[in-house]
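What follows is a short report on a single structure.
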Amino acid sequence: MDLAAFRECCLSKTAATESTPFGDDVLVFKVAGKIFALAAVDEFPTTVNLKCDPDLALELRDRYEQVQPGYHMNKKHWNTVEIDSGIPDTELRKMIDHSYELVVQSLPKVVREKLQRSRRMKNFA
């Protein structure tokens, strides 16, 4: 997966936004104001940070050498992932989905319900 495909996948999530609050070299993806992914624009290999359940984070680090503890993040809850270094795209999409869902589940109930209604409307269209 290249950075353009990663970006497209993140922005396809309901209510996902993109910004550059840390400078032009880091893309930040949020849902309801909470970060679920960050991407380094100028790094090779391309790396991203994704939120992850602590047990799954350890499992992914064991399974893939391209998955490391989150750089400049809480290493228990974030992984840094080389996205263009051999991890199958389907697995990367699962990691993005997982990160997004963890953040959504941490949101207040009223915000989660609003997102769920938006998803249903999007799927209905």
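Letters A, B, ... mark the chains of the structure tokens in the order given; residue numbers begin at 1 per chain; ligand numbers begin at 1, in order shown.
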Report task. Please provide the set of residues having any atom within 8 Å of Val67 (chain A), restricted to only C-alpha atoms, with same-chain residues fewer than 4 positions apart removed, written as a count of residues only. Result -> 6
Report task. List the neighbours of region 31-39 of chain A out to 8 Å using only C-alpha atoms; skip same-chain residues closer than 2 positions along the sequence, and give me the result as a PyMOL selection string. Result -> chain A and resi 3+10+14-17+26-29+41+46-51+96+99-100+103-104+107+111
Expected file contents, prior selection, N, CA and C atoms, as a short mmCIF file (atom, residue, chain, number, x, y, z; two decimals), in the first residue's frame:
data_model
loop_
_atom_site.label_atom_id
_atom_site.label_comp_id
_atom_site.auth_asym_id
_atom_site.auth_seq_id
_atom_site.Cartn_x
_atom_site.Cartn_y
_atom_site.Cartn_z
N LEU A 3 1.22 5.64 0.14
CA LEU A 3 0.63 6.68 0.99
C LEU A 3 -0.72 7.15 0.45
N CYS A 10 -8.21 5.92 4.90
CA CYS A 10 -8.54 6.66 6.12
C CYS A 10 -9.70 7.62 5.89
N THR A 14 -16.38 7.06 7.93
CA THR A 14 -17.43 8.03 8.26
C THR A 14 -16.88 9.15 9.14
N ALA A 15 -17.09 10.38 8.71
CA ALA A 15 -16.71 11.60 9.45
C ALA A 15 -15.22 11.76 9.66
N ALA A 16 -14.40 11.04 8.89
CA ALA A 16 -12.94 11.19 9.01
C ALA A 16 -12.50 12.51 8.40
N THR A 17 -11.54 13.14 9.06
CA THR A 17 -10.97 14.39 8.57
C THR A 17 -9.45 14.25 8.51
N VAL A 26 3.47 15.68 8.25
CA VAL A 26 2.71 14.65 8.96
C VAL A 26 1.21 14.87 8.71
N LEU A 27 0.58 13.87 8.08
CA LEU A 27 -0.87 13.89 7.89
C LEU A 27 -1.53 13.28 9.12
N VAL A 28 -2.55 13.94 9.63
CA VAL A 28 -3.25 13.47 10.82
C VAL A 28 -4.71 13.22 10.45
N PHE A 29 -5.18 12.02 10.76
CA PHE A 29 -6.56 11.62 10.46
C PHE A 29 -7.32 11.48 11.77
N VAL A 41 4.87 11.96 5.72
CA VAL A 41 4.81 12.20 4.28
C VAL A 41 6.14 11.94 3.58
N THR A 46 7.70 4.40 3.91
CA THR A 46 6.57 5.17 4.44
C THR A 46 6.06 4.53 5.72
N THR A 47 5.97 5.35 6.78
CA THR A 47 5.48 4.84 8.06
C THR A 47 4.23 5.60 8.48
N VAL A 48 3.38 4.88 9.20
CA VAL A 48 2.16 5.45 9.76
C VAL A 48 2.04 4.98 11.20
N ASN A 49 1.32 5.75 12.00
CA ASN A 49 1.00 5.35 13.37
C ASN A 49 -0.48 5.04 13.43
N LEU A 50 -0.80 3.88 14.01
CA LEU A 50 -2.19 3.44 14.15
C LEU A 50 -2.45 3.02 15.59
N LYS A 51 -3.59 3.42 16.10
CA LYS A 51 -4.01 3.01 17.44
C LYS A 51 -4.31 1.51 17.41
N ILE A 96 -6.17 -0.31 9.93
CA ILE A 96 -6.79 1.01 9.86
C ILE A 96 -8.20 0.95 10.44
N SER A 99 -8.07 0.67 14.24
CA SER A 99 -7.70 1.94 14.85
C SER A 99 -8.89 2.89 14.89
N TYR A 100 -9.57 3.02 13.76
CA TYR A 100 -10.75 3.88 13.66
C TYR A 100 -11.82 3.44 14.67
N VAL A 103 -11.14 4.28 18.34
CA VAL A 103 -11.40 5.67 18.65
C VAL A 103 -12.91 5.93 18.73
N VAL A 104 -13.65 5.40 17.77
CA VAL A 104 -15.11 5.58 17.78
C VAL A 104 -15.70 5.03 19.08
N LEU A 107 -15.60 7.34 22.09
CA LEU A 107 -16.35 8.59 22.02
C LEU A 107 -17.60 8.52 22.90
N VAL A 111 -22.27 10.86 20.46
CA VAL A 111 -21.45 11.04 19.26
C VAL A 111 -21.38 9.74 18.47
#
Requested in this report: Tell me, in Å to one decimal, how far CA of Tyr64 (chain A) is from CA of Asp97 (chain A).
Outcome: 17.8 Å
**Report entry** Surrounding residues of Lys76 (chain A) excluding itself and chain neighbours under 6 positions, 10 Å, only C-alpha atoms, as a list of chain:residue names
**Finding:**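 Contacts, with the query itself left out: A:Lys51, A:Cys52, A:Asp53, A:Pro54, A:Asp55, A:Ala57, A:Leu58, A:Pro69, A:Gly70.
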Those same residues - N, CA and C atoms - I'd like them written as a PDB file, in the first residue's frame.
ATOM      1  N   LYS A  51      -3.587   3.416  16.096  1.00  0.00           N
ATOM      2  CA  LYS A  51      -4.014   3.006  17.437  1.00  0.00           C
ATOM      3  C   LYS A  51      -4.306   1.510  17.410  1.00  0.00           C
ATOM      4  N   CYS A  52      -4.059   0.831  18.532  1.00  0.00           N
ATOM      5  CA  CYS A  52      -4.239  -0.619  18.546  1.00  0.00           C
ATOM      6  C   CYS A  52      -4.480  -1.113  19.971  1.00  0.00           C
ATOM      7  N   ASP A  53      -5.349  -2.111  20.093  1.00  0.00           N
ATOM      8  CA  ASP A  53      -5.541  -2.794  21.368  1.00  0.00           C
ATOM      9  C   ASP A  53      -4.179  -3.326  21.817  1.00  0.00           C
ATOM     10  N   PRO A  54      -3.802  -3.159  23.085  1.00  0.00           N
ATOM     11  CA  PRO A  54      -2.469  -3.569  23.538  1.00  0.00           C
ATOM     12  C   PRO A  54      -2.100  -5.022  23.236  1.00  0.00           C
ATOM     13  N   ASP A  55      -3.027  -5.954  23.411  1.00  0.00           N
ATOM     14  CA  ASP A  55      -2.706  -7.363  23.132  1.00  0.00           C
ATOM     15  C   ASP A  55      -2.503  -7.591  21.642  1.00  0.00           C
ATOM     16  N   ALA A  57      -1.587  -5.309  19.522  1.00  0.00           N
ATOM     17  CA  ALA A  57      -0.364  -4.590  19.155  1.00  0.00           C
ATOM     18  C   ALA A  57       0.850  -5.507  19.298  1.00  0.00           C
ATOM     19  N   LEU A  58       0.914  -6.229  20.400  1.00  0.00           N
ATOM     20  CA  LEU A  58       2.033  -7.154  20.617  1.00  0.00           C
ATOM     21  C   LEU A  58       2.019  -8.283  19.591  1.00  0.00           C
ATOM     22  N   PRO A  69       6.673  -0.602  18.021  1.00  0.00           N
ATOM     23  CA  PRO A  69       5.963   0.261  18.975  1.00  0.00           C
ATOM     24  C   PRO A  69       5.856   1.680  18.415  1.00  0.00           C
ATOM     25  N   GLY A  70       4.769   2.360  18.725  1.00  0.00           N
ATOM     26  CA  GLY A  70       4.481   3.680  18.172  1.00  0.00           C
ATOM     27  C   GLY A  70       5.560   4.712  18.437  1.00  0.00           C
TER      28      GLY A  70
END
Query raised in the report: Which value, in Å to one decimal, gives the distance between CA of Ala40 (chain A) and CA of Ser106 (chain A)?
Result: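 Going from CA of Ala40 (chain A) over to CA of Ser106 (chain A), I get 24.8 Å.
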Query - Atom pair CA of Ile87 (chain A) / CA of Tyr71 (chain A): separation (Å) - result: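 Pair CA of Ile87 (chain A) / CA of Tyr71 (chain A) returns 18.6 Å.
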Report task. Please return as a PyMOL selection string: the residues of chain A that backbone DSSP assigns to strand (DSSP E or B). Result -> chain A and resi 16-19+26-31+34-40+47-51+67-69+78-82
Export of the given selection (N, CA, C and O atoms) as a compact mmCIF listing (two decimals), in the first residue's frame:
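Resulting contents of again-v3.txt:
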# COMPACT_ATOMS: atom_id res chain seq x y z
N ALA A 16 -14.40 11.04 8.89
CA ALA A 16 -12.94 11.19 9.01
C ALA A 16 -12.50 12.51 8.40
O ALA A 16 -13.02 12.95 7.38
N THR A 17 -11.54 13.14 9.06
CA THR A 17 -10.97 14.39 8.57
C THR A 17 -9.45 14.25 8.51
O THR A 17 -8.87 13.40 9.18
N GLU A 18 -8.85 15.12 7.71
CA GLU A 18 -7.40 15.15 7.56
C GLU A 18 -6.91 16.55 7.87
O GLU A 18 -7.54 17.53 7.47
N SER A 19 -5.78 16.64 8.57
CA SER A 19 -5.18 17.94 8.86
C SER A 19 -3.67 17.77 9.00
O SER A 19 -3.16 16.64 8.96
N VAL A 26 3.47 15.68 8.25
CA VAL A 26 2.71 14.65 8.96
C VAL A 26 1.21 14.87 8.71
O VAL A 26 0.66 15.90 9.09
N LEU A 27 0.58 13.87 8.08
CA LEU A 27 -0.87 13.89 7.89
C LEU A 27 -1.53 13.28 9.12
O LEU A 27 -1.10 12.22 9.59
N VAL A 28 -2.55 13.94 9.63
CA VAL A 28 -3.25 13.47 10.82
C VAL A 28 -4.71 13.22 10.45
O VAL A 28 -5.38 14.08 9.89
N PHE A 29 -5.18 12.02 10.76
CA PHE A 29 -6.56 11.62 10.46
C PHE A 29 -7.32 11.48 11.77
O PHE A 29 -6.85 10.81 12.69
N LYS A 30 -8.49 12.15 11.82
CA LYS A 30 -9.28 12.18 13.05
C LYS A 30 -10.73 11.80 12.75
O LYS A 30 -11.21 11.97 11.63
N VAL A 31 -11.40 11.35 13.80
CA VAL A 31 -12.85 11.20 13.79
C VAL A 31 -13.35 11.88 15.06
O VAL A 31 -12.82 11.63 16.15
N LYS A 34 -10.70 13.23 17.38
CA LYS A 34 -9.75 12.30 18.00
C LYS A 34 -8.91 11.62 16.93
O LYS A 34 -9.44 11.11 15.94
N ILE A 35 -7.60 11.55 17.14
CA ILE A 35 -6.68 10.97 16.17
C ILE A 35 -6.83 9.45 16.12
O ILE A 35 -6.82 8.79 17.15
N PHE A 36 -6.94 8.91 14.89
CA PHE A 36 -6.89 7.46 14.72
C PHE A 36 -5.73 7.04 13.83
O PHE A 36 -5.39 5.85 13.80
N ALA A 37 -5.09 7.97 13.12
CA ALA A 37 -3.94 7.62 12.28
C ALA A 37 -3.09 8.86 12.01
O ALA A 37 -3.62 9.97 11.92
N LEU A 38 -1.80 8.62 11.88
CA LEU A 38 -0.86 9.66 11.46
C LEU A 38 0.02 9.05 10.39
O LEU A 38 0.36 7.86 10.45
N ALA A 39 0.43 9.86 9.42
CA ALA A 39 1.29 9.37 8.34
C ALA A 39 2.42 10.35 8.09
O ALA A 39 2.19 11.55 7.93
N ALA A 40 3.64 9.82 8.06
CA ALA A 40 4.81 10.63 7.74
C ALA A 40 4.90 10.75 6.22
O ALA A 40 4.99 9.74 5.52
N THR A 47 5.97 5.35 6.78
CA THR A 47 5.48 4.84 8.06
C THR A 47 4.23 5.60 8.48
O THR A 47 4.06 6.77 8.18
N VAL A 48 3.38 4.88 9.20
CA VAL A 48 2.16 5.45 9.76
C VAL A 48 2.04 4.98 11.20
O VAL A 48 2.58 3.94 11.58
N ASN A 49 1.32 5.75 12.00
CA ASN A 49 1.00 5.35 13.37
C ASN A 49 -0.48 5.04 13.43
O ASN A 49 -1.30 5.83 12.96
N LEU A 50 -0.80 3.88 14.01
CA LEU A 50 -2.19 3.44 14.15
C LEU A 50 -2.45 3.02 15.59
O LEU A 50 -1.64 2.32 16.20
N LYS A 51 -3.59 3.42 16.10
CA LYS A 51 -4.01 3.01 17.44
C LYS A 51 -4.31 1.51 17.41
O LYS A 51 -4.74 0.98 16.39
N VAL A 67 6.11 -3.83 11.84
CA VAL A 67 5.27 -3.22 12.89
C VAL A 67 6.12 -3.08 14.15
O VAL A 67 6.65 -4.07 14.67
N GLN A 68 6.24 -1.83 14.60
CA GLN A 68 7.05 -1.52 15.77
C GLN A 68 6.20 -0.72 16.77
O GLN A 68 5.15 -0.19 16.42
N PRO A 69 6.67 -0.60 18.02
CA PRO A 69 5.96 0.26 18.97
C PRO A 69 5.86 1.68 18.42
O PRO A 69 6.74 2.15 17.70
N TRP A 78 -0.20 2.24 20.55
CA TRP A 78 0.04 2.67 19.17
C TRP A 78 1.15 1.84 18.54
O TRP A 78 2.12 1.49 19.21
N ASN A 79 0.99 1.56 17.27
CA ASN A 79 2.03 0.91 16.47
C ASN A 79 2.48 1.83 15.36
O ASN A 79 1.68 2.57 14.79
N THR A 80 3.76 1.78 15.03
CA THR A 80 4.28 2.41 13.82
C THR A 80 4.43 1.30 12.80
O THR A 80 5.05 0.27 13.08
N VAL A 81 3.85 1.51 11.62
CA VAL A 81 3.77 0.46 10.60
C VAL A 81 4.38 0.97 9.29
O VAL A 81 4.02 2.05 8.82
N GLU A 82 5.29 0.18 8.72
CA GLU A 82 5.80 0.46 7.37
C GLU A 82 4.75 -0.08 6.40
O GLU A 82 4.55 -1.29 6.31
Query raised in the report: With only C-alpha atoms as the atoms that count, which of A:Asn74, A:His98, A:Leu92, A:Pro21 lies nearest to Leu56 (chain A)?
Result: A:His98
Query - DSSP-assigned alpha helix (DSSP H) members of chain A, reported as number ranges by chain - result: A: 3-11, 54-63, 89-106, 109-124
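Residues lying within 6 Å of Met1 (chain A), counting only C-alpha atoms and ignoring same-chain neighbours fewer than 3 positions away, are Ile83, Asp84 and Asp89 of chain A.
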Would you save the residues of that selection, restricted to all heavy atoms, as a short mmCIF file (atom, residue, chain, number, x, y, z; two decimals), in the first residue's frame?
data_model
loop_
_atom_site.label_atom_id
_atom_site.label_comp_id
_atom_site.auth_asym_id
_atom_site.auth_seq_id
_atom_site.Cartn_x
_atom_site.Cartn_y
_atom_site.Cartn_z
N ILE A 83 4.09 0.82 5.68
CA ILE A 83 2.95 0.38 4.87
C ILE A 83 3.33 -0.11 3.48
O ILE A 83 2.54 -0.78 2.83
CB ILE A 83 1.88 1.49 4.74
CG1 ILE A 83 2.44 2.75 4.09
CG2 ILE A 83 1.26 1.78 6.10
CD1 ILE A 83 1.38 3.77 3.74
N ASP A 84 4.54 0.20 3.03
CA ASP A 84 4.93 -0.22 1.68
C ASP A 84 6.05 -1.24 1.70
O ASP A 84 6.84 -1.33 0.76
CB ASP A 84 5.31 1.00 0.82
CG ASP A 84 6.40 1.86 1.44
OD1 ASP A 84 6.90 1.52 2.54
OD2 ASP A 84 6.76 2.89 0.84
N ASP A 89 -2.16 -5.65 1.74
CA ASP A 89 -3.10 -4.52 1.83
C ASP A 89 -4.33 -4.86 2.67
O ASP A 89 -4.83 -4.02 3.42
CB ASP A 89 -3.54 -4.07 0.44
CG ASP A 89 -2.44 -3.29 -0.29
OD1 ASP A 89 -1.34 -3.10 0.28
OD2 ASP A 89 -2.70 -2.88 -1.44
#
